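**Q** Here's a structure for you.
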Amino acid sequence: MQRLNEVKGFLRASGKKVVNGHGQEVLLRGVGFGSWLLPEGYMWRFPEGGDRPRKIERMVEELIGPDKANRFWELYHEHYIMEEDIRAIDADGFNSVRIPINARLLIENEQPLRMNMRHLEIIDRVIDWCRNYSLYVILDLHGAPGGQTGTNIDDSERDRPELFTEEKNKQVTIALWRMLAERYKEEWIVAGYDLLNEPLPEWFSEYNDQVMPLYKEIVEAIREVDDRHMIILEGVHWATDWSIFKEKVDDNLMLQFHKYWNNPDTESIQPFLDKREEWDVPIFMGEGGENNCDWFAGVFRLYEDHDISWNFWTWKKLDCTNSPYSIRMPDGWQLLVDYLEGGQKPDHETAERILWQYLDNLKLNNCDYQPQVVNALFRRPLVRIPAIFYGYRGEGESFGIKQKAKQSIGFRDGDGTEICFQEGQRATPNFQHMKGEEWLADEWLYVQLSSYDWLAYEYSIPADKSYSLYMLDFCIRSSGGTLLVYLDEVIIGAEAANGNGWQIIRLPEPLEASEGLKRLKIQAVDQPVAIKWLSIAPC
């Protein structure tokens, strides 16, 4: 699915928009390569003893020796992201990728700074593939020298943010970014430089005042050799606290926040929208996911409706239900988990068999594709949309109500729509991440529409669809009311539910699957109608 009209030339910030080399607006829709160049233990289903790269590396070397361990990591980097992955990302409709980098992987010597050319060439190879398949690339320093978070996610050695406690780490970081900018200054498919991933959780907030000065020094070093690439800045505390942004450090700037495990509503991102207005810069949800498809169907529409570029975390990981691809767990994997928890060490032959099976399972053709995840991100068939995730463009465009509800349930309160709980369910909404599919919004929240109230939902029909017709289903409850259904402002059905129980109603006639963004409006008439979810499925 090549996007030749939008992936053209250097990206840059133009007011609140990102534009390409032809001045056309671009909304980045991408995926992150979590665990590729910075292995994260939770993506390996490992306990604390294997929660970061240096611990996983130590385990592998203990099990199979240094020579085979070196070969293991060569094959790991080669298999985790291959051309087949880039081709699949393009085919799924994404237009960008975010590459999390561990500085320890790139730096061969700190003083003087010397880069590991073999590892740089791994990144070069992926950039070449991305250029061929029209995918912009964001370079993300996920693990800075010394560690910018002081946690496992940056490969911290001593669980301290030593980037901010040791001056030499700052200087190495500045030099590293200058060398990367020198290397990629002519590479237009590189969208921008994400200077630091999630610096300083709040328990290290004593160092917050060092972040912007360091950003400024890095930008100055980059601009000595590269004046074209976008600079991308993240806030502190998992990129959610933007109070450090007092003054701009560059004219070609995008601000990044991350969003996990909380309400998919405008109120939750209002501080970021306010800063966009204040600074007149584009903003980017650079990392979010790790939930389920109900949540995805809501939160990624939230970004779209507010013109926020986004990047999904993450492309694939071991034995999961909430990434586009799931890596199959090798036989005997629990033996590695037990060893990391202090159990018996597997013998050399057994460990090697398990690890090499894992390497083979990393290849995309050996992974399990989960289209429901991608369908939820783009809201395309087959997808189910919880009714509470109607549009986010405000009253008159995404919803219309005669009388605002007097409620304060902590979710979409500003809209005034009547969002209700099923009897016996929890008293306040909680969108916290839970394992697997345990959290399902439609199981306990629904929207009550009074007569002539309406809600609007958008979804997309892809250009490369393999179907010509699709169906609409609704889960509604009414005691005599009717639900009018409009598609792009044309009435396509009037459905009634009789009785007080929930009923699944299907429009009697299928709809033609013409390509593009569709707007579905549902309206109650005569009597109140409650709606729990709607489903869009190819015939």
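Every chain in the structure tokens takes a letter, A first, then B, and so on in the order presented; its residues are numbered from 1, and the ligands are numbered from 1 following the presented order.
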Please identify all polymer residues within 12 Å of Gly15 of chain A, counting only C-alpha atoms, omitting same-chain residues fewer than 3 positions from it, and present them as a count of residues only.
**A** 17
**Q** Which residues are close to Leu214 of chain A, i.e. within 9 Å by only C-alpha atoms, leaving aside same-chain residues fewer than 5 positions away? Reply as a PDB file with N, CA and C atoms, in the first residue's frame.
**A**
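Done, and the output landed in selection35.pdb:
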```pdb
ATOM      1  N   LYS A 170      26.412  12.946  29.643  1.00  0.00           N
ATOM      2  CA  LYS A 170      25.790  14.002  28.840  1.00  0.00           C
ATOM      3  C   LYS A 170      26.626  14.300  27.603  1.00  0.00           C
ATOM      4  N   ILE A 174      25.503  13.917  23.664  1.00  0.00           N
ATOM      5  CA  ILE A 174      25.551  15.027  22.708  1.00  0.00           C
ATOM      6  C   ILE A 174      26.378  14.630  21.489  1.00  0.00           C
ATOM      7  N   VAL A 219      20.491  19.772  20.540  1.00  0.00           N
ATOM      8  CA  VAL A 219      19.992  20.430  19.330  1.00  0.00           C
ATOM      9  C   VAL A 219      21.089  21.283  18.706  1.00  0.00           C
TER      10      VAL A 219
END
```
**Q** Write out as a list in words which residues come within 7 Å of Leu196 of chain A when counting only C-alpha atoms, dropping same-chain ones fewer than 3 positions away.
**A**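 Final neighbour list, sorted by chain and number: Asp140, Leu141, His142, Pro199 and Glu234 of chain A.
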**Q** For a test of reading the model, state the distance in Å between atom CA of His77 of chain A and atom CA of Arg54 of chain A, rounded to one decimal.
**A**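 If I compute the distance from atom CA of His77 of chain A to atom CA of Arg54 of chain A, I get 15.3 Å.
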**Q** Need to verify the contact set: Phe33 of chain A, 7 Å, only C-alpha atoms, exclusion of same-chain residues closer than 5 positions in sequence. Can you return it as an mmCIF file with N, CA, C and O atoms, in the first residue's frame?
**A**
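Final output, part.cif:
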```cif
data_model
loop_
_atom_site.group_PDB
_atom_site.id
_atom_site.type_symbol
_atom_site.label_atom_id
_atom_site.label_comp_id
_atom_site.auth_asym_id
_atom_site.auth_seq_id
_atom_site.Cartn_x
_atom_site.Cartn_y
_atom_site.Cartn_z
ATOM 1 N N ARG A 98 9.129 3.715 14.265
ATOM 2 C CA ARG A 98 9.982 4.345 15.285
ATOM 3 C C ARG A 98 10.978 3.295 15.752
ATOM 4 O O ARG A 98 10.586 2.209 16.189
ATOM 5 N N ILE A 99 12.277 3.623 15.658
ATOM 6 C CA ILE A 99 13.343 2.675 15.977
ATOM 7 C C ILE A 99 13.952 3.043 17.329
ATOM 8 O O ILE A 99 14.680 4.030 17.435
ATOM 9 N N PRO A 100 13.664 2.263 18.377
ATOM 10 C CA PRO A 100 14.272 2.523 19.689
ATOM 11 C C PRO A 100 15.710 1.999 19.703
ATOM 12 O O PRO A 100 15.960 0.825 19.411
ATOM 13 N N THR A 314 3.599 -2.348 20.417
ATOM 14 C CA THR A 314 4.730 -2.461 19.534
ATOM 15 C C THR A 314 4.388 -3.446 18.427
ATOM 16 O O THR A 314 3.368 -4.145 18.509
ATOM 17 N N TRP A 315 5.251 -3.535 17.420
ATOM 18 C CA TRP A 315 4.967 -4.318 16.215
ATOM 19 C C TRP A 315 4.778 -5.796 16.518
ATOM 20 O O TRP A 315 3.836 -6.421 16.047
#
```
**Q** Quick check, in Å to one decimal: how far apart do atom CA of Val383 of chain A and atom CA of Tyr467 of chain A lie?
**A**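 Interatomic distance here is 14.5 Å.
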**Q** Run DSSP on the backbone and tell me which residues of segment 284-461 of chain A come out as strand (DSSP E or B); list them as a PyMOL selection string.
**A** chain A and resi 284-289+309-313+316-318+325-327+368-369+383-386+395+399-400+418-421+445-449+454-461
**Q** Between A:Glu84, A:Glu352, A:Asp250, A:Glu78, which residue has the minimum interatomic distance to Tyr215 of chain A, considering only C-alpha atoms?
**A** A:Asp250
**Q** I'd like the contact shell of Asp331 of chain A - 9 Å cut-off, only C-alpha atoms, skipping same-chain residues fewer than 3 positions apart - returned as a PDB file with C-alpha atoms, in the first residue's frame.
**A**
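Result saved to out-v2.pdb:
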```pdb
ATOM      1  CA  GLN A 334       9.674 -21.859  31.006  1.00  0.00           C
ATOM      2  CA  ILE A 354      15.339 -23.229  23.020  1.00  0.00           C
ATOM      3  CA  GLN A 357      14.011 -22.016  18.134  1.00  0.00           C
TER       4      GLN A 357
END
```
**Q** For Phe474 of chain A, work out the shell of residues within 6 Å, counting only C-alpha atoms and skipping chain neighbours fewer than 3 positions away, then give it as a list of chain:residue names.
**A**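 The neighbour list is A:Ile504, A:Ile505, A:Trp533, A:Leu534.
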**Q** Tell me, in Å to one decimal, how far atom CA of Lys363 of chain A is from atom CA of Asp85 of chain A.
**A**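 Pair atom CA of Lys363 of chain A / atom CA of Asp85 of chain A returns 8.5 Å.
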**Q** Using only C-alpha atoms, which protein or nucleic acid residues come within 10 Å of segment 106-111 of chain A? Drop anything in the same chain fewer than 2 positions from it, and give the result as a CSV table (one decimal) with C-alpha atoms, in the first residue's frame.
**A**
```
chain,number,residue,atom,x,y,z
A,37,LEU,CA,17.7,-3.0,19.4
A,101,ILE,CA,18.1,2.5,20.0
A,102,ASN,CA,20.3,1.4,22.9
A,103,ALA,CA,23.4,3.7,22.9
A,104,ARG,CA,25.4,0.8,24.3
A,113,LEU,CA,33.7,8.4,20.6
A,114,ARG,CA,33.8,5.6,18.1
A,115,MET,CA,30.7,3.9,16.7
A,116,ASN,CA,30.0,0.2,16.2
A,117,MET,CA,29.7,0.2,12.4
A,118,ARG,CA,28.2,-3.3,12.1
A,119,HIS,CA,25.3,-2.2,14.3
A,120,LEU,CA,24.9,1.1,12.5
A,145,PRO,CA,24.5,6.6,27.9
A,168,LYS,CA,30.6,12.5,30.9
A,169,ASN,CA,27.3,10.7,30.0
A,171,GLN,CA,28.8,14.8,26.7
A,172,VAL,CA,28.7,11.3,25.1
A,173,THR,CA,25.0,11.7,24.4
A,175,ALA,CA,28.4,13.6,20.6
A,176,LEU,CA,26.3,10.5,19.7
```
**Q** Pick out each residue of segment 370-417 of chain A that DSSP on the backbone tags as alpha helix (DSSP H); I need them as a list of chain:residue names.
**A**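 DSSP-assigned alpha helix (DSSP H) residues in segment 370-417 of chain A: A:Pro371, A:Gln372, A:Val373, A:Val374, A:Asn375, A:Ala376, A:Leu377, A:Phe378.
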**Q** Using only C-alpha atoms, which of the listed residues (A:Leu340, A:Ala69, A:Ile232, A:Ile244) sits closest to Ala13 of chain A?
**A**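 That would be A:Ile232, the residue with the smallest distance to Ala13 of chain A.
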**Q** When distances are computed from only C-alpha atoms, which of A:Ile409, A:Ala181, A:Val225, A:Ile269 shows the smallest separation from Tyr303 of chain A?
**A**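 Nearest candidate to Tyr303 of chain A out of A:Ile409, A:Ala181, A:Val225, A:Ile269: A:Ile269.
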**Q** Using only C-alpha atoms for the distances, tell me which of A:Trp310, A:Ala221, A:Ile388, A:Gly343 is nearest to Asn263 of chain A.
**A**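 Closest to Asn263 of chain A, using only C-alpha atoms: A:Ile388.
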**Q** Using only C-alpha atoms, which of the listed residues (A:Gln256, A:Tyr184, A:Asn311, A:Ile231) sits closest to Val97 of chain A?
**A**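 Distance minimum relative to Val97 of chain A lands on A:Asn311.
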**Q** With distances taken over only C-alpha atoms, which residue among A:Arg45, A:His237, A:Lys248, A:Arg178 lies nearest Arg223 of chain A?
**A**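 Distance minimum relative to Arg223 of chain A lands on A:Arg178.
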